[in-house]
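Visitor: My questions will all concern the structure given below.
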Amino acid sequence: MRAYELMKETYCRRGYIWIVHIVWLVLYGSFWWLFLPSGEEFGRFIFIWGGFFLPLALSAGIFGDDIASGRICVLVTKPFWLGELYIYRLLGLSLQGAVNFILAGCIVFVLHFLMRKGSTEDLGLWLLASWLLFNTCAALSTSLSIVVGRAYNSLLLFAVVVTGYFVVSLLMVSMRQQGGTGVLAGFIKYCWPPFELLYKFASGEYGKYSLTVGRFSVTKSVACIVHSLILMVVYSIVGIALLSRRQFSRQRD
Amino acid sequence: MIRNDKKQTMVVECEQLTKVFRKLLAGRSKDVCALQSISLSVAKGQIVGLIGPNGAGKSTLLNLMAGLIFPTEGRVSVCGHPARSIEARSGLGYMPEHPAFLGRYSAWDTLRYHGALLGLSGQDITAQINKLTEQLQMDEYIDRPCADFSQGMKQRLALAIALMSNPRFLLLDEPSNGLDPIGIIQLRDLLKKLRDAGTAIVISSHRLGELEKLTKDYIFLYRGEVVSFGDKISAGQIGRLRVELVSNGNQIAKKLLPPSKLLSSSETELVIAVGDDNEVPDIVSSLVKGGARITGVLLQKEDTEDIEDVFLRLYNERN
């Protein structure tokens with residue numbers, strides 16, 4: 001019951017969430033319809049639009065709204081481990097992401113079948129990579145939401161990710177010889193949401209997926225998937241620790 | 001005034017509570033000491049009114065008891081467990097001053113959601129919702145979205161949420177805010193029933209007249225400290241009733257009078273605290289029914305102060 005209600009709440013907590021889903025699905029369909037992309041082009045689009053921007057939109061204020069309204073004060077007085085509050089909400093987001101990507105795949109396959117144009121090659125792998133990216137971004141955004149009030153968690157995550165990559169790119173260009181840049185790049189690659197690793201995984205740099213030929217590099221791909229799951233767990237642990245230790249009122253009356 | 005009779009079951013105990021709010025990256029000079037070395041306890045079946053001017057630390061004390069914030073020094077235990085532990089929270093019902101709900105959820109959905117958080121089964125949740133809906137007269141709007149609720153409806157729903165778990169300890173922050181007169185009377189009756197059933201209740205309120213109808217136990221907070229009522233009789237008590245008896249005074253007192261009412265007893269005289277003129281006939285008749293042979297009754301009225309007078313006196317003494 002508790003798990004169901006908390007997961008359902010992630011969908012019902014704001015009126016615009018179903019609008020976000022519809023807008024995202026319409027954009028997937030429109031992109032495919034208008035540009036008739038190859039599987040890889042469409043995969044890249046869905047990877048960024050669905051894997052990065054969708055969790056930002058869905059997780060905006062996921063704890064921040066409760067903290068700003070004071071609703072959290074009642075939630076944390078209920079007798080259960082507060083980690084459950086975090087975990088089930090994250091699972092709710094993850095489920096929404098999974099449904100969104102499955103529907104995206106269905107839309108594209110239907111359009112492909114009707115128009116008999118474009119390509120859906122490797123789309124499954126891109127959808128999987130997008131969902132994994134979605135989960136890590138959602139976990140990071142949810143944890144940030146415990147620290148910052150209202151919906152600023154999404155904006156903050158967006159700003160931090162974009163700034164991080166911009167700074168690293170700039171450093172890589174201007175100070176190629178210096179070791180410090182490599183450390184920072186490594187940090188961004190392995191501790192940040194795993195854009196680069198999952199992009200390589202989905203675009204076939206670890207070998208193209210084929211059940212019959214078997215050219216798929218299982219080790220690297222599994223390592224990539226496990227890495228993204230570990231990041232999600234680490235972000236979640238930080239979030240749960242913050243939730244357990246955070247004070248929820250500063251009223252002085 | 002808080003009972004300190006350790007024989008009673010204490011539901012909440014605060015020991016040397018101090019709370020200092022510190023601003024991030026600000027110096028110690030910016031610290032705000034909201035509470036200072038407060039010790040108190042609340043017994044099973046006791047209603048305690050938390051009163052004081054704005055900024056006195058009432059909400060801070062409630063938040064500490066609810067486990068929403070942590071003390072800088074000292075400790076709070078609820079039902080024998082540290083505040084915010086799962087065990088403490090399992091006996092707690094909390095109603096905030098400004099309740100907020102998911103606007104798209106109806107009152108029913110909201111109560112079901114909170115029932116699920118409490119770990120109740122579907123059947124128990126439905127039974128509990130039906131009971132609370134009837135008790136708090138929420139039938140008319142139980143299916144309406146919370147976004148359309150008036151302040152009074154929100155207060156009733158917040159109270160229903162606090163009562164979902166049949167709490168042993170109830171914390172209410174301004175519970176009668178926005179309630180109509182009927183709602184206030186219903187709330188008062190409900191709280192009295194809960195008290196009689198053994199629930200310990202702490203109410204923070206500025207509506208002193210309402211509090212006075214519920215309790216004679218108060219905590220007056222002023223700038224983060226508990227202010228003693230002094231040696232005057234407790235607020236809300238009008239005086240002493242001296243009952244002269246032929247004999248067996250001690251035995252009758254033990255049998256018929258609650259310890260909180262009995263001020264002193266001997267074989268031939270009982271001194272009883274009374275809060276209301278109307279109480280006198282009831283007390284006398286219950287003593288007679290209990291076998292007391294009364295030879296005389298004398299009501300000695302003290303300089304009576306209602307809680308508003310006490311509040312003003314204490315406030316003026318400190319300003």
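So you can find residues: chains in the structure tokens are A, B, ... in the order shown, residues in each start at 1, and ligands are numbered from 1 in order.
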Dump as a Markdown table the rows for residues of chain A within 7 Å of chain B: closest atom pair and distance in Å with one decimal, only C-alpha atoms counted, ordered by chain and rising residue number.

Guide:
| residue | atom | partner | partner_atom | distance |
| --- | --- | --- | --- | --- |
| A:Met1 | CA | B:Ala116 | CA | 5.4 |
| A:Arg2 | CA | B:Ala116 | CA | 4.7 |
| A:Glu5 | CA | B:Tyr113 | CA | 5.9 |
| A:Arg13 | CA | B:Leu102 | CA | 6.2 |
| A:Ser69 | CA | B:Ala100 | CA | 6.1 |
| A:Gly70 | CA | B:Ala100 | CA | 6.6 |
| A:Arg71 | CA | B:Ala100 | CA | 5.4 |
| A:Cys73 | CA | B:Leu68 | CA | 6.6 |
| A:Val74 | CA | B:Tyr94 | CA | 6.6 |
| A:Thr77 | CA | B:Arg89 | CA | 5.6 |
| A:Lys78 | CA | B:Arg89 | CA | 5.8 |
| A:Pro79 | CA | B:Ser90 | CA | 4.7 |
| A:Phe80 | CA | B:Ile86 | CA | 5.9 |
| A:Trp81 | CA | B:Ile86 | CA | 7.0 |
| A:Gln247 | CA | B:Ile69 | CA | 4.6 |
| A:Phe248 | CA | B:Leu68 | CA | 5.4 |
| A:Ser249 | CA | B:Ile69 | CA | 6.6 |
| A:Gln251 | CA | B:Ser59 | CA | 6.4 |
| A:Arg252 | CA | B:Gly55 | CA | 5.4 |
| A:Asp253 | CA | B:Gly55 | CA | 4.0 |

Visitor: Generate the output file for the selected residues, N, CA and C atoms, as a tab-separated table (two decimals), in the first residue's frame.

Guide:
chain	number	residue	atom	x	y	z
A	1	MET	N	0.83	-1.22	0.00
A	1	MET	CA	0.00	0.00	0.00
A	1	MET	C	0.86	1.27	0.00
A	2	ARG	N	1.86	1.26	0.91
A	2	ARG	CA	2.70	2.45	1.05
A	2	ARG	C	3.48	2.69	-0.24
A	5	GLU	N	1.11	3.96	-3.00
A	5	GLU	CA	0.68	5.35	-2.81
A	5	GLU	C	1.82	6.34	-3.09
A	13	ARG	N	1.30	14.45	-8.12
A	13	ARG	CA	1.64	15.56	-7.24
A	13	ARG	C	1.50	16.93	-7.90
A	69	SER	N	5.82	23.83	1.15
A	69	SER	CA	4.43	23.94	1.62
A	69	SER	C	4.29	23.51	3.08
A	70	GLY	N	5.28	22.81	3.61
A	70	GLY	CA	5.20	22.31	4.99
A	70	GLY	C	4.59	20.91	5.06
A	71	ARG	N	4.23	20.35	3.90
A	71	ARG	CA	3.63	19.01	3.87
A	71	ARG	C	4.60	17.96	4.41
A	73	CYS	N	6.40	18.11	6.92
A	73	CYS	CA	6.36	18.02	8.39
A	73	CYS	C	5.41	16.92	8.84
A	74	VAL	N	4.35	16.70	8.10
A	74	VAL	CA	3.44	15.62	8.46
A	74	VAL	C	4.00	14.27	7.97
A	77	THR	N	6.55	12.64	10.24
A	77	THR	CA	6.11	12.19	11.57
A	77	THR	C	5.43	10.83	11.49
A	78	LYS	N	5.34	10.26	10.28
A	78	LYS	CA	4.73	8.93	10.14
A	78	LYS	C	5.77	7.86	10.49
A	79	PRO	N	5.30	6.76	11.08
A	79	PRO	CA	6.26	5.76	11.59
A	79	PRO	C	6.79	4.79	10.53
A	80	PHE	N	7.66	5.26	9.70
A	80	PHE	CA	8.35	4.35	8.77
A	80	PHE	C	9.71	4.92	8.43
A	81	TRP	N	10.57	4.07	7.94
A	81	TRP	CA	11.93	4.50	7.60
A	81	TRP	C	11.84	5.53	6.48
A	247	GLN	N	16.51	19.03	9.09
A	247	GLN	CA	15.49	19.60	9.97
A	247	GLN	C	14.45	20.26	9.08
A	248	PHE	N	13.20	20.14	9.47
A	248	PHE	CA	12.16	20.56	8.54
A	248	PHE	C	11.35	21.78	8.95
A	249	SER	N	11.83	22.51	9.90
A	249	SER	CA	11.09	23.73	10.21
A	249	SER	C	12.02	24.74	10.85
A	251	GLN	N	10.42	27.70	11.87
A	251	GLN	CA	9.46	28.67	12.43
A	251	GLN	C	9.91	29.02	13.84
A	252	ARG	N	9.73	30.26	14.20
A	252	ARG	CA	10.08	30.66	15.55
A	252	ARG	C	8.90	31.38	16.16
A	253	ASP	N	7.91	30.62	16.60
A	253	ASP	CA	6.75	31.27	17.20
A	253	ASP	C	6.54	30.72	18.60

Visitor: Based on the backbone DSSP call, show me all residues of region 44-264 of chain B assigned strand (DSSP E or B), as a PyMOL selection string.

Guide: chain B and resi 47-51+73-78+81-82+92-95+106+145+169-173+200-204+217-222+225-227+239-245+262-264

Visitor: Figure out the distance between CA of Thr215 (chain B) and CA of Leu132 (chain B), please, to one decimal in Å.

Guide: 23.4 Å

Visitor: Using only C-alpha atoms, which protein or nucleic acid residues come within 8 Å of Tyr28 (chain A)? Drop anything in the same chain fewer than 5 positions from it, and give the result as an MDAnalysis selection string.

Guide: chainID A and resid 46 104 108

Visitor: Let me see the file: selected residues, C-alpha atoms, as an mmCIF file, in the first residue's frame.

Guide:
data_model
loop_
_atom_site.group_PDB
_atom_site.id
_atom_site.type_symbol
_atom_site.label_atom_id
_atom_site.label_comp_id
_atom_site.auth_asym_id
_atom_site.auth_seq_id
_atom_site.Cartn_x
_atom_site.Cartn_y
_atom_site.Cartn_z
ATOM 1 C CA ILE A 46 15.768 10.570 -27.317
ATOM 2 C CA ALA A 104 8.111 6.469 -27.480
ATOM 3 C CA VAL A 108 8.162 5.252 -33.648
#

Visitor: Taking only region 143-200 of chain A into account, list the residues labelled helix (DSSP H, G or I) by DSSP (computed from the backbone), as a PDB file with N, CA and C atoms, in the first residue's frame.

Guide:
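Generated output (states-v1.pdb):
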ATOM      1  N   SER A 143      17.740  14.014  -4.939  1.00  0.00           N
ATOM      2  CA  SER A 143      18.586  14.318  -3.777  1.00  0.00           C
ATOM      3  C   SER A 143      18.787  15.824  -3.624  1.00  0.00           C
ATOM      4  N   LEU A 144      18.977  16.499  -4.768  1.00  0.00           N
ATOM      5  CA  LEU A 144      19.123  17.966  -4.712  1.00  0.00           C
ATOM      6  C   LEU A 144      17.855  18.617  -4.174  1.00  0.00           C
ATOM      7  N   SER A 145      16.723  17.999  -4.484  1.00  0.00           N
ATOM      8  CA  SER A 145      15.432  18.557  -4.075  1.00  0.00           C
ATOM      9  C   SER A 145      15.267  18.574  -2.557  1.00  0.00           C
ATOM     10  N   ILE A 146      16.015  17.721  -1.862  1.00  0.00           N
ATOM     11  CA  ILE A 146      15.927  17.711  -0.395  1.00  0.00           C
ATOM     12  C   ILE A 146      16.683  18.912   0.181  1.00  0.00           C
ATOM     13  N   VAL A 147      17.647  19.399  -0.593  1.00  0.00           N
ATOM     14  CA  VAL A 147      18.478  20.505  -0.110  1.00  0.00           C
ATOM     15  C   VAL A 147      17.894  21.857  -0.511  1.00  0.00           C
ATOM     16  N   TYR A 152      13.723  24.274  -7.678  1.00  0.00           N
ATOM     17  CA  TYR A 152      15.039  24.719  -8.127  1.00  0.00           C
ATOM     18  C   TYR A 152      16.003  23.558  -8.346  1.00  0.00           C
ATOM     19  N   ASN A 153      15.684  22.382  -7.854  1.00  0.00           N
ATOM     20  CA  ASN A 153      16.579  21.234  -8.029  1.00  0.00           C
ATOM     21  C   ASN A 153      16.873  20.969  -9.502  1.00  0.00           C
ATOM     22  N   SER A 154      15.840  21.071 -10.341  1.00  0.00           N
ATOM     23  CA  SER A 154      16.023  20.779 -11.766  1.00  0.00           C
ATOM     24  C   SER A 154      16.891  21.835 -12.432  1.00  0.00           C
ATOM     25  N   LEU A 155      16.610  23.077 -12.089  1.00  0.00           N
ATOM     26  CA  LEU A 155      17.401  24.160 -12.678  1.00  0.00           C
ATOM     27  C   LEU A 155      18.864  24.040 -12.253  1.00  0.00           C
ATOM     28  N   LEU A 156      19.048  23.702 -10.981  1.00  0.00           N
ATOM     29  CA  LEU A 156      20.397  23.571 -10.438  1.00  0.00           C
ATOM     30  C   LEU A 156      21.149  22.439 -11.137  1.00  0.00           C
ATOM     31  N   LEU A 157      20.467  21.305 -11.288  1.00  0.00           N
ATOM     32  CA  LEU A 157      21.111  20.166 -11.943  1.00  0.00           C
ATOM     33  C   LEU A 157      21.474  20.519 -13.391  1.00  0.00           C
ATOM     34  N   PHE A 158      20.531  21.161 -14.055  1.00  0.00           N
ATOM     35  CA  PHE A 158      20.778  21.563 -15.442  1.00  0.00           C
ATOM     36  C   PHE A 158      22.011  22.478 -15.506  1.00  0.00           C
ATOM     37  N   ALA A 159      22.028  23.480 -14.631  1.00  0.00           N
ATOM     38  CA  ALA A 159      23.131  24.445 -14.635  1.00  0.00           C
ATOM     39  C   ALA A 159      24.458  23.765 -14.298  1.00  0.00           C
ATOM     40  N   VAL A 160      24.433  22.870 -13.297  1.00  0.00           N
ATOM     41  CA  VAL A 160      25.670  22.214 -12.856  1.00  0.00           C
ATOM     42  C   VAL A 160      26.222  21.312 -13.965  1.00  0.00           C
ATOM     43  N   VAL A 161      25.339  20.542 -14.590  1.00  0.00           N
ATOM     44  CA  VAL A 161      25.796  19.615 -15.643  1.00  0.00           C
ATOM     45  C   VAL A 161      26.359  20.392 -16.827  1.00  0.00           C
ATOM     46  N   VAL A 162      25.620  21.392 -17.259  1.00  0.00           N
ATOM     47  CA  VAL A 162      26.060  22.159 -18.427  1.00  0.00           C
ATOM     48  C   VAL A 162      27.371  22.897 -18.109  1.00  0.00           C
ATOM     49  N   THR A 163      27.411  23.533 -16.928  1.00  0.00           N
ATOM     50  CA  THR A 163      28.627  24.264 -16.548  1.00  0.00           C
ATOM     51  C   THR A 163      29.810  23.306 -16.432  1.00  0.00           C
ATOM     52  N   GLY A 164      29.574  22.154 -15.813  1.00  0.00           N
ATOM     53  CA  GLY A 164      30.637  21.157 -15.637  1.00  0.00           C
ATOM     54  C   GLY A 164      31.253  20.758 -16.960  1.00  0.00           C
ATOM     55  N   TYR A 165      30.393  20.438 -17.936  1.00  0.00           N
ATOM     56  CA  TYR A 165      30.918  20.014 -19.231  1.00  0.00           C
ATOM     57  C   TYR A 165      31.607  21.171 -19.963  1.00  0.00           C
ATOM     58  N   PHE A 166      31.042  22.366 -19.811  1.00  0.00           N
ATOM     59  CA  PHE A 166      31.622  23.550 -20.465  1.00  0.00           C
ATOM     60  C   PHE A 166      33.025  23.815 -19.905  1.00  0.00           C
ATOM     61  N   VAL A 167      33.140  23.766 -18.583  1.00  0.00           N
ATOM     62  CA  VAL A 167      34.427  24.042 -17.931  1.00  0.00           C
ATOM     63  C   VAL A 167      35.461  22.986 -18.330  1.00  0.00           C
ATOM     64  N   VAL A 168      35.042  21.731 -18.306  1.00  0.00           N
ATOM     65  CA  VAL A 168      35.978  20.645 -18.654  1.00  0.00           C
ATOM     66  C   VAL A 168      36.432  20.776 -20.101  1.00  0.00           C
ATOM     67  N   SER A 169      35.482  21.067 -20.984  1.00  0.00           N
ATOM     68  CA  SER A 169      35.844  21.203 -22.397  1.00  0.00           C
ATOM     69  C   SER A 169      36.838  22.339 -22.583  1.00  0.00           C
ATOM     70  N   LEU A 170      36.575  23.426 -21.898  1.00  0.00           N
ATOM     71  CA  LEU A 170      37.441  24.599 -21.988  1.00  0.00           C
ATOM     72  C   LEU A 170      38.847  24.274 -21.476  1.00  0.00           C
ATOM     73  N   LEU A 171      38.895  23.580 -20.334  1.00  0.00           N
ATOM     74  CA  LEU A 171      40.186  23.209 -19.747  1.00  0.00           C
ATOM     75  C   LEU A 171      40.939  22.242 -20.647  1.00  0.00           C
ATOM     76  N   MET A 172      40.202  21.297 -21.214  1.00  0.00           N
ATOM     77  CA  MET A 172      40.837  20.290 -22.075  1.00  0.00           C
ATOM     78  C   MET A 172      41.492  20.953 -23.280  1.00  0.00           C
ATOM     79  N   VAL A 173      40.831  21.981 -23.790  1.00  0.00           N
ATOM     80  CA  VAL A 173      41.361  22.675 -24.975  1.00  0.00           C
ATOM     81  C   VAL A 173      42.571  23.530 -24.599  1.00  0.00           C
ATOM     82  N   SER A 174      42.440  24.289 -23.502  1.00  0.00           N
ATOM     83  CA  SER A 174      43.488  25.258 -23.176  1.00  0.00           C
ATOM     84  C   SER A 174      44.680  24.651 -22.431  1.00  0.00           C
ATOM     85  N   GLY A 179      48.103  17.482 -15.994  1.00  0.00           N
ATOM     86  CA  GLY A 179      47.451  16.296 -15.447  1.00  0.00           C
ATOM     87  C   GLY A 179      46.148  16.574 -14.738  1.00  0.00           C
ATOM     88  N   GLY A 180      46.041  17.757 -14.114  1.00  0.00           N
ATOM     89  CA  GLY A 180      44.846  18.110 -13.350  1.00  0.00           C
ATOM     90  C   GLY A 180      43.584  18.050 -14.180  1.00  0.00           C
ATOM     91  N   THR A 181      43.701  18.392 -15.446  1.00  0.00           N
ATOM     92  CA  THR A 181      42.538  18.380 -16.329  1.00  0.00           C
ATOM     93  C   THR A 181      41.997  16.966 -16.479  1.00  0.00           C
ATOM     94  N   GLY A 182      42.954  16.023 -16.562  1.00  0.00           N
ATOM     95  CA  GLY A 182      42.564  14.619 -16.707  1.00  0.00           C
ATOM     96  C   GLY A 182      41.778  14.133 -15.508  1.00  0.00           C
ATOM     97  N   VAL A 183      42.208  14.567 -14.318  1.00  0.00           N
ATOM     98  CA  VAL A 183      41.512  14.159 -13.093  1.00  0.00           C
ATOM     99  C   VAL A 183      40.083  14.692 -13.101  1.00  0.00           C
ATOM    100  N   LEU A 184      39.960  15.976 -13.492  1.00  0.00           N
ATOM    101  CA  LEU A 184      38.638  16.599 -13.534  1.00  0.00           C
ATOM    102  C   LEU A 184      37.760  15.902 -14.575  1.00  0.00           C
ATOM    103  N   ALA A 185      38.364  15.615 -15.726  1.00  0.00           N
ATOM    104  CA  ALA A 185      37.606  14.929 -16.785  1.00  0.00           C
ATOM    105  C   ALA A 185      37.174  13.548 -16.312  1.00  0.00           C
ATOM    106  N   GLY A 186      38.079  12.879 -15.595  1.00  0.00           N
ATOM    107  CA  GLY A 186      37.745  11.548 -15.055  1.00  0.00           C
ATOM    108  C   GLY A 186      36.609  11.624 -14.042  1.00  0.00           C
ATOM    109  N   PHE A 187      36.675  12.667 -13.235  1.00  0.00           N
ATOM    110  CA  PHE A 187      35.615  12.871 -12.232  1.00  0.00           C
ATOM    111  C   PHE A 187      34.269  13.064 -12.927  1.00  0.00           C
ATOM    112  N   ILE A 188      34.296  13.918 -13.952  1.00  0.00           N
ATOM    113  CA  ILE A 188      33.050  14.192 -14.692  1.00  0.00           C
ATOM    114  C   ILE A 188      32.558  12.909 -15.372  1.00  0.00           C
ATOM    115  N   LYS A 189      33.488  12.128 -15.882  1.00  0.00           N
ATOM    116  CA  LYS A 189      33.105  10.925 -16.629  1.00  0.00           C
ATOM    117  C   LYS A 189      32.505   9.866 -15.715  1.00  0.00           C
ATOM    118  N   TYR A 190      33.106   9.704 -14.532  1.00  0.00           N
ATOM    119  CA  TYR A 190      32.685   8.562 -13.695  1.00  0.00           C
ATOM    120  C   TYR A 190      31.768   8.940 -12.523  1.00  0.00           C
ATOM    121  N   CYS A 191      31.791  10.209 -12.103  1.00  0.00           N
ATOM    122  CA  CYS A 191      30.948  10.587 -10.957  1.00  0.00           C
ATOM    123  C   CYS A 191      29.726  11.396 -11.353  1.00  0.00           C
ATOM    124  N   PHE A 195      26.716  10.417 -19.029  1.00  0.00           N
ATOM    125  CA  PHE A 195      26.346  10.729 -20.418  1.00  0.00           C
ATOM    126  C   PHE A 195      27.266  10.010 -21.410  1.00  0.00           C
ATOM    127  N   GLU A 196      28.562  10.176 -21.185  1.00  0.00           N
ATOM    128  CA  GLU A 196      29.548   9.699 -22.154  1.00  0.00           C
ATOM    129  C   GLU A 196      29.527   8.175 -22.267  1.00  0.00           C
ATOM    130  N   LEU A 197      29.535   7.522 -21.089  1.00  0.00           N
ATOM    131  CA  LEU A 197      29.582   6.051 -21.095  1.00  0.00           C
ATOM    132  C   LEU A 197      28.342   5.455 -21.746  1.00  0.00           C
ATOM    133  N   LEU A 198      27.177   5.993 -21.373  1.00  0.00           N
ATOM    134  CA  LEU A 198      25.933   5.444 -21.925  1.00  0.00           C
ATOM    135  C   LEU A 198      25.787   5.787 -23.406  1.00  0.00           C
ATOM    136  N   TYR A 199      26.332   6.937 -23.806  1.00  0.00           N
ATOM    137  CA  TYR A 199      26.298   7.307 -25.219  1.00  0.00           C
ATOM    138  C   TYR A 199      27.119   6.296 -26.033  1.00  0.00           C
ATOM    139  N   LYS A 200      28.309   5.983 -25.512  1.00  0.00           N
ATOM    140  CA  LYS A 200      29.173   5.002 -26.198  1.00  0.00           C
ATOM    141  C   LYS A 200      28.500   3.642 -26.247  1.00  0.00           C
TER     142      LYS A 200
END

Visitor: Nearest to Thr18 (chain B): which of B:Glu225, B:Asp139, B:Leu190, B:Leu172 is it, counting only C-alpha atoms?

Guide: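 For Thr18 (chain B), the nearest of the given residues is B:Glu225.
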
Visitor: Would you compute the distance between CA of Pro193 (chain A) and CA of Ser119 (chain A)? Give it in Å to one decimal.

Guide: 28.1 Å
